[in-house]
file work-v4.tsv (TSV, C-alpha atoms)
chain	number	residue	atom	x	y	z
A	14	MET	CA	199.12	-54.23	32.15
A	15	LEU	CA	195.75	-53.31	33.71
A	16	ALA	CA	193.98	-55.39	31.08
A	17	ASN	CA	196.11	-58.41	31.98
A	18	LEU	CA	195.47	-57.94	35.69
A	19	SER	CA	191.74	-57.75	34.99
A	20	ARG	CA	191.97	-60.89	32.86
A	21	ASN	CA	193.76	-62.75	35.65
A	22	ARG	CA	191.07	-61.76	38.16
A	23	ILE	CA	188.51	-63.39	35.88
A	24	PHE	CA	190.47	-66.43	34.72
A	25	ILE	CA	191.77	-67.58	38.09
A	26	PRO	CA	188.49	-67.82	40.07
A	27	PHE	CA	186.72	-69.18	36.98
A	28	PHE	CA	189.28	-71.95	36.58
A	29	LEU	CA	189.40	-72.76	40.31
A	30	VAL	CA	185.62	-73.13	40.50
A	31	SER	CA	185.58	-75.07	37.23
A	32	VAL	CA	188.21	-77.51	38.50
A	33	PHE	CA	186.30	-78.11	41.72
A	34	ILE	CA	183.06	-78.73	39.82
A	35	GLY	CA	184.81	-81.08	37.41
A	36	PHE	CA	186.55	-82.96	40.22
A	37	SER	CA	183.37	-83.43	42.23
A	38	GLY	CA	181.70	-84.54	38.99
A	39	LEU	CA	184.01	-87.56	38.90
A	40	TRP	CA	181.46	-89.34	41.09
A	41	TYR	CA	178.18	-88.22	39.59
A	42	SER	CA	178.48	-86.60	36.16
A	43	GLU	CA	180.70	-87.37	33.18
A	44	PHE	CA	179.00	-84.42	31.49
A	45	LEU	CA	180.48	-82.00	34.04
A	46	ILE	CA	183.93	-83.48	33.49
A	47	SER	CA	183.52	-82.92	29.76
A	48	VAL	CA	182.25	-79.35	30.19
A	49	THR	CA	185.06	-78.38	32.55
A	50	THR	CA	187.61	-80.01	30.25
A	51	VAL	CA	186.32	-77.82	27.42
A	52	ALA	CA	186.56	-74.81	29.74
A	53	ALA	CA	190.16	-75.78	30.48
A	54	GLY	CA	190.71	-76.05	26.73
A	55	LEU	CA	189.56	-72.47	26.19
A	56	LEU	CA	191.92	-71.21	28.87
A	57	ALA	CA	194.71	-73.39	27.48
A	58	ILE	CA	194.26	-71.81	24.05
A	59	ILE	CA	194.09	-68.28	25.44
A	60	THR	CA	197.22	-68.70	27.56
A	61	PHE	CA	199.02	-71.12	25.23
A	62	LYS	CA	201.65	-68.72	23.89
A	63	SER	CA	203.01	-67.97	27.34
A	64	SER	CA	203.61	-71.70	27.96
A	65	PHE	CA	206.80	-71.46	25.93
A	66	HIS	CA	208.32	-68.86	28.24
A	67	THR	CA	208.29	-71.16	31.27
A	68	ASP	CA	210.51	-73.87	32.69
A	69	TYR	CA	207.72	-76.45	32.23
A	70	LYS	CA	207.54	-75.87	28.47
A	71	THR	CA	209.21	-79.25	27.81
A	72	ILE	CA	206.26	-80.95	29.52
A	73	ILE	CA	203.97	-79.20	27.06
A	74	TYR	CA	206.21	-80.23	24.14
A	75	SER	CA	205.98	-83.90	25.13
A	76	LEU	CA	202.20	-83.78	25.45
A	77	LEU	CA	201.89	-82.03	22.08
A	78	GLY	CA	204.02	-84.82	20.63
A	79	LEU	CA	201.59	-87.41	21.94
A	80	LEU	CA	198.70	-85.37	20.55
A	81	LEU	CA	200.38	-85.30	17.14
A	82	LEU	CA	200.78	-89.10	17.22
A	83	ALA	CA	197.08	-89.47	18.02
A	84	ILE	CA	196.19	-87.14	15.11
A	85	VAL	CA	198.40	-89.10	12.69
A	86	ASP	CA	196.89	-92.36	13.96
A	87	LEU	CA	193.38	-91.02	13.30
A	88	ALA	CA	194.38	-89.95	9.77
A	89	ILE	CA	195.90	-93.35	9.00
A	90	HIS	CA	192.76	-95.13	10.11
A	91	SER	CA	190.45	-92.80	8.18
A	92	GLY	CA	188.64	-91.36	11.16
A	93	GLY	CA	187.93	-94.61	12.99
A	94	SER	CA	185.75	-94.26	16.09
A	95	VAL	CA	188.29	-95.78	18.50
A	96	ALA	CA	191.15	-93.66	17.13
A	97	LEU	CA	188.93	-90.57	17.44
A	98	ALA	CA	188.04	-91.43	21.03
A	99	LYS	CA	191.71	-91.84	21.91
A	100	LEU	CA	192.55	-88.54	20.21
A	101	LEU	CA	189.91	-86.75	22.28
A	102	LEU	CA	191.38	-88.26	25.45
A	103	VAL	CA	194.85	-86.98	24.58
A	104	LEU	CA	193.37	-83.59	23.65
A	105	GLY	CA	191.69	-83.42	27.06
A	106	LEU	CA	194.99	-84.36	28.67
A	107	VAL	CA	196.73	-81.46	26.91
A	108	PHE	CA	193.91	-79.01	27.71
A	109	ILE	CA	193.88	-79.70	31.45
A	110	ALA	CA	197.67	-79.84	31.78
A	111	VAL	CA	198.29	-76.59	29.88
A	112	ALA	CA	195.49	-74.72	31.64
A	113	GLY	CA	196.58	-76.10	35.01
A	114	PHE	CA	200.21	-75.09	34.67
A	115	ASN	CA	199.37	-71.70	33.17
A	116	VAL	CA	196.48	-70.55	35.35
A	117	PHE	CA	197.55	-72.04	38.68
A	118	ALA	CA	200.83	-70.14	38.19
A	119	LYS	CA	198.98	-66.86	38.76
A	120	ALA	CA	196.84	-67.98	41.69
A	121	THR	CA	197.88	-67.20	45.25
A	122	SER	CA	199.01	-69.90	47.64
A	123	LYS	CA	195.85	-69.32	49.67
A	124	GLN	CA	193.65	-69.88	46.62
A	125	LEU	CA	195.47	-73.08	45.68
A	126	VAL	CA	195.37	-74.51	49.19
A	127	SER	CA	191.68	-73.60	49.48
A	128	LEU	CA	190.92	-75.47	46.25
A	129	PHE	CA	192.87	-78.49	47.47
A	130	THR	CA	191.07	-78.36	50.82
A	131	ALA	CA	187.68	-78.40	49.09
A	132	ILE	CA	188.81	-81.33	46.93
A	133	SER	CA	190.01	-83.19	50.05
A	134	VAL	CA	186.63	-82.81	51.71
A	135	VAL	CA	184.95	-84.31	48.64
A	136	VAL	CA	187.40	-87.23	48.75
A	137	LEU	CA	186.66	-87.76	52.44
A	138	VAL	CA	182.90	-87.84	51.82
A	139	VAL	CA	183.30	-90.47	49.09
A	140	ASN	CA	185.58	-92.51	51.38
A	141	ILE	CA	182.98	-92.46	54.15
A	142	ILE	CA	180.20	-93.52	51.76
A	143	ALA	CA	182.33	-96.39	50.44
A	144	VAL	CA	183.37	-97.57	53.92
A	145	VAL	CA	179.77	-97.46	55.19
A	146	GLY	CA	178.75	-99.57	52.19
A	147	TYR	CA	181.53	-102.03	53.00
A	148	LEU	CA	180.58	-102.26	56.69
A	149	ASN	CA	176.92	-102.87	55.83
A	150	ASP	CA	177.92	-106.14	54.12
A	151	LYS	CA	181.37	-106.71	55.58
A	152	GLU	CA	181.48	-110.52	55.43
A	153	PHE	CA	180.50	-110.57	51.77
A	154	TYR	CA	183.10	-108.00	50.71
A	155	ASP	CA	185.82	-109.60	52.81
A	156	GLU	CA	185.16	-112.85	50.96
A	157	MET	CA	185.20	-111.04	47.61
A	158	LEU	CA	188.61	-109.57	48.41
A	159	LEU	CA	189.97	-113.11	48.68
A	160	GLN	CA	188.80	-113.66	45.11
A	161	SER	CA	190.61	-110.65	43.59
A	162	LYS	CA	187.45	-108.54	43.73
A	163	SER	CA	187.26	-105.07	45.23
A	164	ILE	CA	185.17	-102.99	47.59
A	165	PRO	CA	182.96	-100.86	45.32
A	166	ILE	CA	183.51	-97.10	45.12
A	167	PRO	CA	180.52	-94.94	44.05
A	168	HIS	CA	180.73	-94.43	40.27
A	169	MET	CA	184.53	-94.85	40.12
A	170	HIS	CA	187.12	-97.54	39.44
A	171	HIS	CA	188.53	-98.65	42.81
A	172	ILE	CA	192.15	-98.39	41.60
A	173	HIS	CA	191.63	-94.79	40.51
A	174	PHE	CA	190.15	-93.91	43.89
A	175	GLY	CA	193.07	-95.54	45.66
A	176	ILE	CA	195.44	-93.35	43.67
A	177	ILE	CA	193.40	-90.24	44.50
A	178	ASN	CA	193.64	-91.17	48.19
A	179	ALA	CA	197.41	-91.59	47.89
A	180	PHE	CA	197.76	-88.15	46.28
A	181	VAL	CA	195.57	-86.47	48.87
A	182	ILE	CA	197.14	-88.03	51.98
A	183	ILE	CA	200.70	-87.16	50.96
A	184	ALA	CA	199.66	-83.65	49.96
A	185	ILE	CA	197.84	-83.06	53.26
A	186	ALA	CA	200.92	-84.21	55.16
A	187	GLY	CA	203.06	-81.79	53.15
A	188	ILE	CA	200.71	-78.86	53.68
A	189	ILE	CA	200.65	-79.46	57.44
A	190	VAL	CA	204.41	-79.96	57.83
A	191	LEU	CA	205.15	-76.83	55.78
A	192	ASN	CA	202.57	-74.80	57.75
A	193	LYS	CA	200.64	-73.80	54.63
A	194	ILE	CA	197.62	-73.48	56.93
A	195	LYS	CA	197.43	-72.67	60.63
A	196	GLY	CA	195.20	-72.80	63.67
A	197	VAL	CA	191.83	-74.49	63.46
A	198	TYR	CA	192.25	-74.96	59.70
A	199	LYS	CA	195.40	-76.98	60.28
A	200	THR	CA	193.65	-79.14	62.88
A	201	SER	CA	190.70	-79.68	60.55
A	202	MET	CA	192.96	-80.60	57.64
A	203	ALA	CA	194.87	-83.05	59.82
A	204	THR	CA	191.58	-84.64	60.87
A	205	VAL	CA	190.50	-84.99	57.24
A	206	GLY	CA	193.86	-86.57	56.40
A	207	VAL	CA	193.70	-89.09	59.24
A	208	LEU	CA	190.14	-90.11	58.35
A	209	ILE	CA	191.05	-90.57	54.69
A	210	LEU	CA	194.12	-92.59	55.74
A	211	ILE	CA	191.94	-94.93	57.81
A	212	CYS	CA	189.35	-95.34	55.06
A	213	PHE	CA	192.11	-95.83	52.49
A	214	HIS	CA	193.44	-98.90	54.32
A	215	ILE	CA	189.97	-100.31	54.85
A	216	LEU	CA	189.13	-100.00	51.15
A	217	SER	CA	192.48	-101.68	50.36
A	218	SER	CA	193.25	-100.66	46.79
A	219	ARG	CA	196.46	-102.61	46.16
A	220	THR	CA	197.82	-100.29	43.47
A	221	GLY	CA	196.92	-97.25	45.56
A	222	LEU	CA	198.62	-98.69	48.66
A	223	ILE	CA	201.81	-99.63	46.79
A	224	ALA	CA	201.94	-96.15	45.22
A	225	PHE	CA	201.19	-94.49	48.57
A	226	TYR	CA	203.89	-96.28	50.54
A	227	SER	CA	206.39	-95.73	47.71
A	228	GLY	CA	205.53	-92.03	47.63
A	229	SER	CA	205.68	-91.76	51.42
A	230	ILE	CA	209.17	-93.29	51.59
A	231	VAL	CA	210.42	-91.00	48.82
A	232	SER	CA	208.86	-87.93	50.47
A	233	LEU	CA	210.38	-88.85	53.81
A	234	SER	CA	213.82	-89.44	52.30
A	235	VAL	CA	213.74	-86.11	50.45
A	236	TYR	CA	212.54	-84.31	53.59
A	237	ALA	CA	215.43	-85.78	55.56
A	238	ASN	CA	217.85	-84.65	52.85
A	239	GLN	CA	216.36	-81.16	52.42
A	240	TYR	CA	216.33	-80.52	56.17
A	241	LYS	CA	219.49	-82.56	56.95
A	242	SER	CA	217.67	-84.68	59.54
A	243	LEU	CA	218.73	-88.31	59.84
A	244	LYS	CA	216.64	-88.55	63.00
A	245	THR	CA	213.50	-87.63	61.05
A	246	LEU	CA	214.30	-90.29	58.46
A	247	SER	CA	214.70	-92.98	61.14
A	248	ILE	CA	211.55	-92.02	63.03
A	249	GLY	CA	209.62	-91.65	59.79
A	250	LEU	CA	210.58	-95.08	58.47
A	251	ILE	CA	209.61	-96.68	61.77
A	252	SER	CA	206.30	-94.79	61.66
A	253	ILE	CA	205.59	-96.04	58.14
A	254	ILE	CA	206.27	-99.62	59.24
A	255	VAL	CA	204.06	-99.20	62.31
A	256	LEU	CA	201.30	-97.68	60.16
A	257	GLY	CA	201.35	-100.57	57.71
A	258	ALA	CA	201.52	-103.21	60.45
A	259	GLY	CA	198.81	-101.54	62.51
A	260	ALA	CA	196.51	-101.23	59.51
A	261	PHE	CA	197.06	-104.90	58.70
A	262	PHE	CA	196.19	-106.14	62.20
A	263	LEU	CA	193.16	-103.87	62.55
A	264	SER	CA	191.61	-104.24	59.08
A	265	THR	CA	190.23	-107.61	57.97
A	266	SER	CA	189.76	-106.21	54.48
A	267	LEU	CA	193.49	-105.41	54.26
A	268	GLN	CA	194.34	-108.83	55.68
A	269	ASN	CA	192.27	-110.50	52.97
A	270	LYS	CA	193.77	-108.29	50.26
A	271	VAL	CA	197.28	-109.26	51.43
A	272	ALA	CA	196.28	-112.96	51.52
A	273	ASN	CA	194.93	-112.66	47.98
A	274	SER	CA	198.14	-110.91	46.88
A	275	LEU	CA	200.27	-113.74	48.29
A	276	GLU	CA	198.12	-116.29	46.50
A	277	ASP	CA	198.53	-114.20	43.34
A	278	ILE	CA	202.34	-114.21	43.69
A	279	ARG	CA	202.39	-117.98	44.24
A	280	SER	CA	200.53	-118.46	40.95
A	281	TRP	CA	203.21	-116.76	38.85
A	282	GLY	CA	204.88	-119.14	36.43
A	283	LYS	CA	202.41	-121.93	37.17
A	284	GLY	CA	200.48	-122.08	33.92
A	285	ASP	CA	196.76	-121.41	34.02
A	286	GLU	CA	196.80	-120.77	37.77
A	287	VAL	CA	197.30	-117.09	36.91
A	288	ASN	CA	193.69	-116.91	35.71
A	289	HIS	CA	191.62	-114.62	37.97
A	290	LYS	CA	194.83	-113.40	39.65
A	291	SER	CA	195.05	-109.68	38.92
A	292	MET	CA	198.83	-109.35	38.98
A	293	GLY	CA	199.38	-112.72	37.33
A	294	MET	CA	197.13	-111.66	34.46
A	295	ARG	CA	198.93	-108.32	34.26
A	296	ILE	CA	202.29	-110.07	33.88
A	297	GLU	CA	200.88	-112.16	31.06
A	298	SER	CA	199.51	-108.98	29.49
A	299	TYR	CA	202.90	-107.24	29.80
A	300	LYS	CA	204.54	-110.12	27.94
A	301	ASN	CA	201.84	-109.92	25.30
A	302	CYS	CA	202.32	-106.17	24.80
A	303	ILE	CA	206.10	-106.52	24.57
A	304	ALA	CA	205.64	-109.14	21.85
A	305	ILE	CA	203.30	-106.82	19.93
A	306	ILE	CA	205.73	-103.89	20.16
A	307	ALA	CA	208.63	-106.11	19.06
A	308	LYS	CA	206.63	-107.17	16.02
A	309	ASN	CA	205.20	-103.69	15.32
A	310	PRO	CA	207.83	-101.04	16.19
A	311	PHE	CA	205.60	-98.28	14.79
A	312	GLY	CA	202.57	-99.49	16.73
A	313	VAL	CA	199.32	-101.04	15.61
A	314	GLY	CA	197.14	-97.95	16.09
A	315	ALA	CA	194.31	-97.37	18.54
A	316	GLU	CA	191.73	-98.73	16.08
A	317	MET	CA	193.40	-102.15	15.91
A	318	GLN	CA	194.77	-102.33	19.44
A	319	ASP	CA	192.19	-104.68	20.98
A	320	GLN	CA	192.19	-107.01	17.98
A	321	LYS	CA	195.99	-107.20	17.82
A	322	GLN	CA	196.16	-107.92	21.54
A	323	GLN	CA	193.75	-110.84	21.20
A	324	ASP	CA	195.60	-112.10	18.10
A	325	MET	CA	198.90	-112.06	19.97
A	326	TYR	CA	197.39	-113.92	22.91
A	327	GLU	CA	196.39	-116.64	20.44
A	328	GLU	CA	199.75	-116.58	18.68
A	329	ARG	CA	201.55	-117.00	22.00
A	330	SER	CA	199.14	-119.76	23.10
A	331	THR	CA	198.42	-117.88	26.30
A	332	VAL	CA	197.34	-119.74	29.43
A	333	LEU	CA	194.71	-117.08	30.09
A	334	ASP	CA	191.05	-117.83	29.53
A	335	VAL	CA	189.39	-115.63	26.91
A	336	ASP	CA	187.59	-113.52	29.54
A	337	ASN	CA	190.89	-112.85	31.34
A	338	ARG	CA	192.88	-111.58	28.36
A	339	VAL	CA	193.20	-108.06	29.64
A	340	GLY	CA	194.74	-104.96	28.07
A	341	PRO	CA	198.15	-103.46	28.95
A	342	HIS	CA	197.40	-102.13	32.46
A	343	ASN	CA	200.60	-100.10	32.04
A	344	GLN	CA	200.62	-96.66	30.44
A	345	ILE	CA	204.05	-97.01	28.84
A	346	LEU	CA	203.08	-100.28	27.17
A	347	GLU	CA	199.70	-98.80	26.26
A	348	TYR	CA	201.35	-96.06	24.21
A	349	GLY	CA	203.86	-98.57	22.87
A	350	VAL	CA	201.18	-100.87	21.47
A	351	LYS	CA	199.24	-97.96	19.94
A	352	TYR	CA	202.03	-95.69	18.73
A	353	GLY	CA	205.16	-97.88	18.81
A	354	TRP	CA	208.57	-96.87	20.12
A	355	LEU	CA	207.94	-93.22	19.34
A	356	GLY	CA	204.97	-93.27	21.70
A	357	ILE	CA	207.08	-94.93	24.40
A	358	LEU	CA	209.91	-92.44	24.03
A	359	LEU	CA	207.60	-89.41	24.07
A	360	PHE	CA	205.83	-90.62	27.18
A	361	ILE	CA	209.08	-91.40	28.97
A	362	TYR	CA	210.27	-87.92	27.98
A	363	PHE	CA	207.10	-86.50	29.55
A	364	LEU	CA	207.84	-88.38	32.79
A	365	THR	CA	211.47	-87.25	32.84
A	366	GLN	CA	210.35	-83.63	32.45
A	367	LEU	CA	208.11	-84.03	35.50
A	368	ILE	CA	211.14	-85.35	37.37
A	369	VAL	CA	213.14	-82.31	36.23
A	370	LEU	CA	210.68	-80.14	38.18
A	371	LEU	CA	211.38	-81.95	41.46
A	372	PRO	CA	214.47	-80.01	42.62
A	373	LYS	CA	212.33	-76.86	42.52
A	374	THR	CA	209.81	-78.31	44.98
A	375	HIS	CA	209.44	-79.36	48.60
A	376	PHE	CA	209.53	-83.02	49.62
A	377	ALA	CA	205.79	-83.70	49.27
A	378	PHE	CA	205.76	-83.13	45.51
A	379	TRP	CA	208.48	-85.76	45.13
A	380	GLY	CA	206.05	-88.19	46.74
A	381	ILE	CA	203.21	-87.06	44.46
A	382	ILE	CA	205.24	-87.74	41.31
A	383	THR	CA	206.36	-91.08	42.76
A	384	VAL	CA	202.70	-92.05	43.30
A	385	PHE	CA	201.94	-91.09	39.70
A	386	ILE	CA	204.87	-92.99	38.16
A	387	VAL	CA	204.36	-96.12	40.29
A	388	ALA	CA	200.62	-96.20	39.56
A	389	LEU	CA	201.32	-95.96	35.81
A	390	GLN	CA	203.15	-99.29	36.00
A	391	PHE	CA	199.99	-101.11	37.11
A	392	GLU	CA	197.23	-99.11	35.46
A	393	SER	CA	196.74	-97.27	32.17
A	394	LEU	CA	195.79	-94.06	33.96
A	395	LEU	CA	195.63	-91.87	30.87
A	396	GLU	CA	193.10	-93.99	28.99
A	397	ARG	CA	190.00	-92.84	30.85
A	398	GLN	CA	188.53	-89.37	31.10
A	399	ALA	CA	188.17	-89.51	34.88
A	400	SER	CA	191.76	-90.52	35.65
A	401	ILE	CA	193.17	-88.07	33.10
A	402	TYR	CA	191.19	-85.33	34.82
A	403	PHE	CA	192.31	-85.94	38.38
A	404	CYS	CA	195.95	-86.64	37.44
A	405	MET	CA	196.29	-83.50	35.34
A	406	VAL	CA	194.58	-81.42	38.02
A	407	PHE	CA	196.67	-82.74	40.90
A	408	ILE	CA	200.09	-82.49	39.25
A	409	PRO	CA	200.12	-78.74	38.39
A	410	LEU	CA	198.04	-77.82	41.45
A	411	LEU	CA	200.37	-79.58	43.87
A	412	PHE	CA	203.44	-78.39	41.98
A	413	TYR	CA	202.52	-74.79	42.68
A	414	ILE	CA	201.51	-75.51	46.28
A	415	PHE	CA	204.86	-77.17	46.99
A	416	ARG	CA	207.22	-75.18	44.77
A	417	THR	CA	210.14	-73.60	46.58
A	418	GLN	CA	210.30	-70.53	44.30
A	419	LYS	CA	207.56	-67.94	44.79
A	420	ASN	CA	207.76	-66.64	41.24
A	421	TYR	CA	208.56	-69.78	39.37
A	422	GLY	CA	207.31	-68.80	35.94
A	423	SER	CA	204.19	-67.17	34.70
A	424	GLY	CA	201.87	-69.23	32.60
A	425	MET	CA	199.65	-66.25	31.86
A	426	THR	CA	200.20	-63.60	29.25
A	427	LYS	CA	202.37	-60.81	30.64
call {"tool": "encode", "arguments": {"input": "work-v4.tsv", "output": "structure tokens"}}
result
Amino acid sequence: MLANLSRNRIFIPFFLVSVFIGFSGLWYSEFLISVTTVAAGLLAIITFKSSFHTDYKTIIYSLLGLLLLAIVDLAIHSGGSVALAKLLLVLGLVFIAVAGFNVFAKATSKQLVSLFTAISVVVLVVNIIAVVGYLNDKEFYDEMLLQSKSIPIPHMHHIHFGIINAFVIIAIAGIIVLNKIKGVYKTSMATVGVLILICFHILSSRTGLIAFYSGSIVSLSVYANQYKSLKTLSIGLISIIVLGAGAFFLSTSLQNKVANSLEDIRSWGKGDEVNHKSMGMRIESYKNCIAIIAKNPFGVGAEMQDQKQQDMYEERSTVLDVDNRVGPHNQILEYGVKYGWLGILLFIYFLTQLIVLLPKTHFAFWGIITVFIVALQFESLLERQASIYFCMVFIPLLFYIFRTQKNYGSGMTK
């Protein structure tokens, strides 16, 4: 017993500091992300046995299933470099998820909220840097937004940063409403949230905004149900509409992104007009992936994925120019092309097991999972080290911050 308590005192602060270092490294060091992923792997291995005595064990089962598919794929393709790279990504996914669920389970609410607060400050700093860069050449970037380009984010894909912003804003709102912090800390957190919200709309990540508003509506609806407040639902929906409308009228970048989106929508079904239209090209890619899966129910493997995608574009006589023949941009289809229907079913099972956790949480976590699921429909979030890292940090961290049961299930050895 004493040995386990001593172990927890070491593991918890070590993991919390490691996560913060890894998260901040998203913007300046892939090496730090790798090192902290390995650290998470060590903790995942040490605490692995206890994972099977928790209510989230089915999440672990689904991720282990995906890992097994990646291992089999590597074996089939005789150790190909692409298959190996994809295996390592899935391994990192498992490491961070297992360590997150197991170690965060033993941390105090104060420790978890403090970690999230530190992460939020980092996100705010990056937002400010990106917005200052935009304002320094505003006319140029506004014009680029009309051409399906984006406002650059320091060392990060703009869609990924939009999703991070969506996670953080909804989580901050939940922490404040639930009084997880008080006094000057609450005021400071609210200020951070408002500033990130403003920057978020200026930077205008379309996927991030769609995921954010979807998550906000779900959170609000669940809050109204949990607290039996129809008045809150009505006021909240009006507030969301006012927020979106106000942001649109005040932000020229958002206006241009909306104008570009409308032009994108008008191009659908009009032949080669979908070229250079991000959603139009995605739709063509979705059709392409569905055709590949229909033809290869067991998948084509990670090693052959790019080649098979290009072959199918040719076979279907796509209207897309060669440079615009993009990959899946959808995580379900991504696994389907690589690993076939088994990959699709395992990943959907993983998502359903996240949904199973929702009744055990406050309203904000419902919004977080909504953001995650919506974003997966427009971006292959689990195909890059950076997005795997922040998704698998946020989900267990925010689950434990917003859980309704104080002793939900220990992920550490008892």
call {"tool": "residues_around", "arguments": {"input": "work-v4.tsv", "residues": "Gly228 (chain A)", "least_positions_apart": "3", "cutoff": "9 Å", "atoms": "all atoms listed in the file", "output": "number ranges by chain"}}
result
A: 179-180, 183, 223-225, 231-233, 377, 379-385, 387
call {"tool": "residues_around", "arguments": {"input": "work-v4.tsv", "residues": "region 189-204 of chain A", "least_positions_apart": "5", "cutoff": "12 Å", "atoms": "all atoms listed in the file", "output": "number ranges by chain"}}
result
A: 121-127, 129-134, 137, 181-184, 209-211, 232-233, 236, 240, 374-377, 414-417
call {"tool": "residues_around", "arguments": {"input": "work-v4.tsv", "residues": "Gly221 (chain A)", "least_positions_apart": "5", "cutoff": "10 Å", "atoms": "only C-alpha atoms", "output": "PyMOL selection string"}}
result
chain A and resi 171-180+213-214+216+226-227+384-385+387-388+391
call {"tool": "write_last_selection", "arguments": {"input": "work-v4.tsv", "atoms": "C-alpha atoms", "output": "compact mmCIF listing (two decimals), in the coordinates of the input"}}
result
# COMPACT_ATOMS: atom_id res chain seq x y z
CA HIS A 171 188.53 -98.65 42.81
CA ILE A 172 192.15 -98.39 41.60
CA HIS A 173 191.63 -94.79 40.51
CA PHE A 174 190.15 -93.91 43.89
CA GLY A 175 193.07 -95.54 45.66
CA ILE A 176 195.44 -93.35 43.67
CA ILE A 177 193.40 -90.24 44.50
CA ASN A 178 193.64 -91.17 48.19
CA ALA A 179 197.41 -91.59 47.89
CA PHE A 180 197.76 -88.15 46.28
CA PHE A 213 192.11 -95.83 52.49
CA HIS A 214 193.44 -98.90 54.32
CA LEU A 216 189.13 -100.00 51.15
CA TYR A 226 203.89 -96.28 50.54
CA SER A 227 206.39 -95.73 47.71
CA VAL A 384 202.70 -92.05 43.30
CA PHE A 385 201.94 -91.09 39.70
CA VAL A 387 204.36 -96.12 40.29
CA ALA A 388 200.62 -96.20 39.56
CA PHE A 391 199.99 -101.11 37.11
call {"tool": "atom_distance", "arguments": {"input": "work-v4.tsv", "atom1": "CA of Asp285 (chain A)", "atom2": "CA of Glu328 (chain A)"}}
result
16.4 Å
call {"tool": "closest_residue", "arguments": {"input": "work-v4.tsv", "among": "A:Val111, A:Leu76, A:Val335, A:Leu29", "to": "Leu55 (chain A)", "atoms": "all atoms listed in the file"}}
result
A:Val111
call {"tool": "closest_residue", "arguments": {"input": "work-v4.tsv", "among": "A:Lys151, A:Lys351, A:His289, A:Lys373", "to": "Glu276 (chain A)", "atoms": "all atoms listed in the file"}}
result
A:His289
call {"tool": "atom_distance", "arguments": {"input": "work-v4.tsv", "atom1": "CA of Tyr154 (chain A)", "atom2": "CA of Met292 (chain A)"}}
result
19.7 Å
call {"tool": "closest_residue", "arguments": {"input": "work-v4.tsv", "among": "A:Glu396, A:Asp68, A:Asp150, A:Asp334", "to": "Val103 (chain A)", "atoms": "all atoms listed in the file"}}
result
A:Glu396
call {"tool": "residues_near_point", "arguments": {"input": "work-v4.tsv", "point": "(189.2, -66.7, 37.6)", "cutoff": "12 Å", "atoms": "all atoms listed in the file", "output": "PyMOL selection string"}}
result
chain A and resi 18-32+52-53+56+112+116-117+119-121+124+425
call {"tool": "closest_residue", "arguments": {"input": "work-v4.tsv", "among": "A:Thr220, A:Ser280, A:Ser264, A:Ser64", "to": "Asn343 (chain A)", "atoms": "all atoms listed in the file"}}
result
A:Thr220
call {"tool": "atom_distance", "arguments": {"input": "work-v4.tsv", "atom1": "CA of Leu250 (chain A)", "atom2": "CA of Leu370 (chain A)"}}
result
25.2 Å
call {"tool": "axis_aligned_box", "arguments": {"input": "work-v4.tsv", "around": "region 317-323 of chain A", "padding_each_side": "4 Å", "output": "lines of an AutoDock Vina configuration file"}}
result
center_x = 194.2
center_y = -106.5
center_z = 18.7
size_x = 12.0
size_y = 16.7
size_z = 13.6
call {"tool": "closest_residue", "arguments": {"input": "work-v4.tsv", "among": "A:Ala258, A:Ile109, A:Glu316, A:Phe114", "to": "Ser91 (chain A)", "atoms": "all atoms listed in the file"}}
result
A:Glu316
call {"tool": "closest_residue", "arguments": {"input": "work-v4.tsv", "among": "A:Ala315, A:Ala272, A:Met405, A:Leu246", "to": "Leu97 (chain A)", "atoms": "only C-alpha atoms"}}
result
A:Ala315
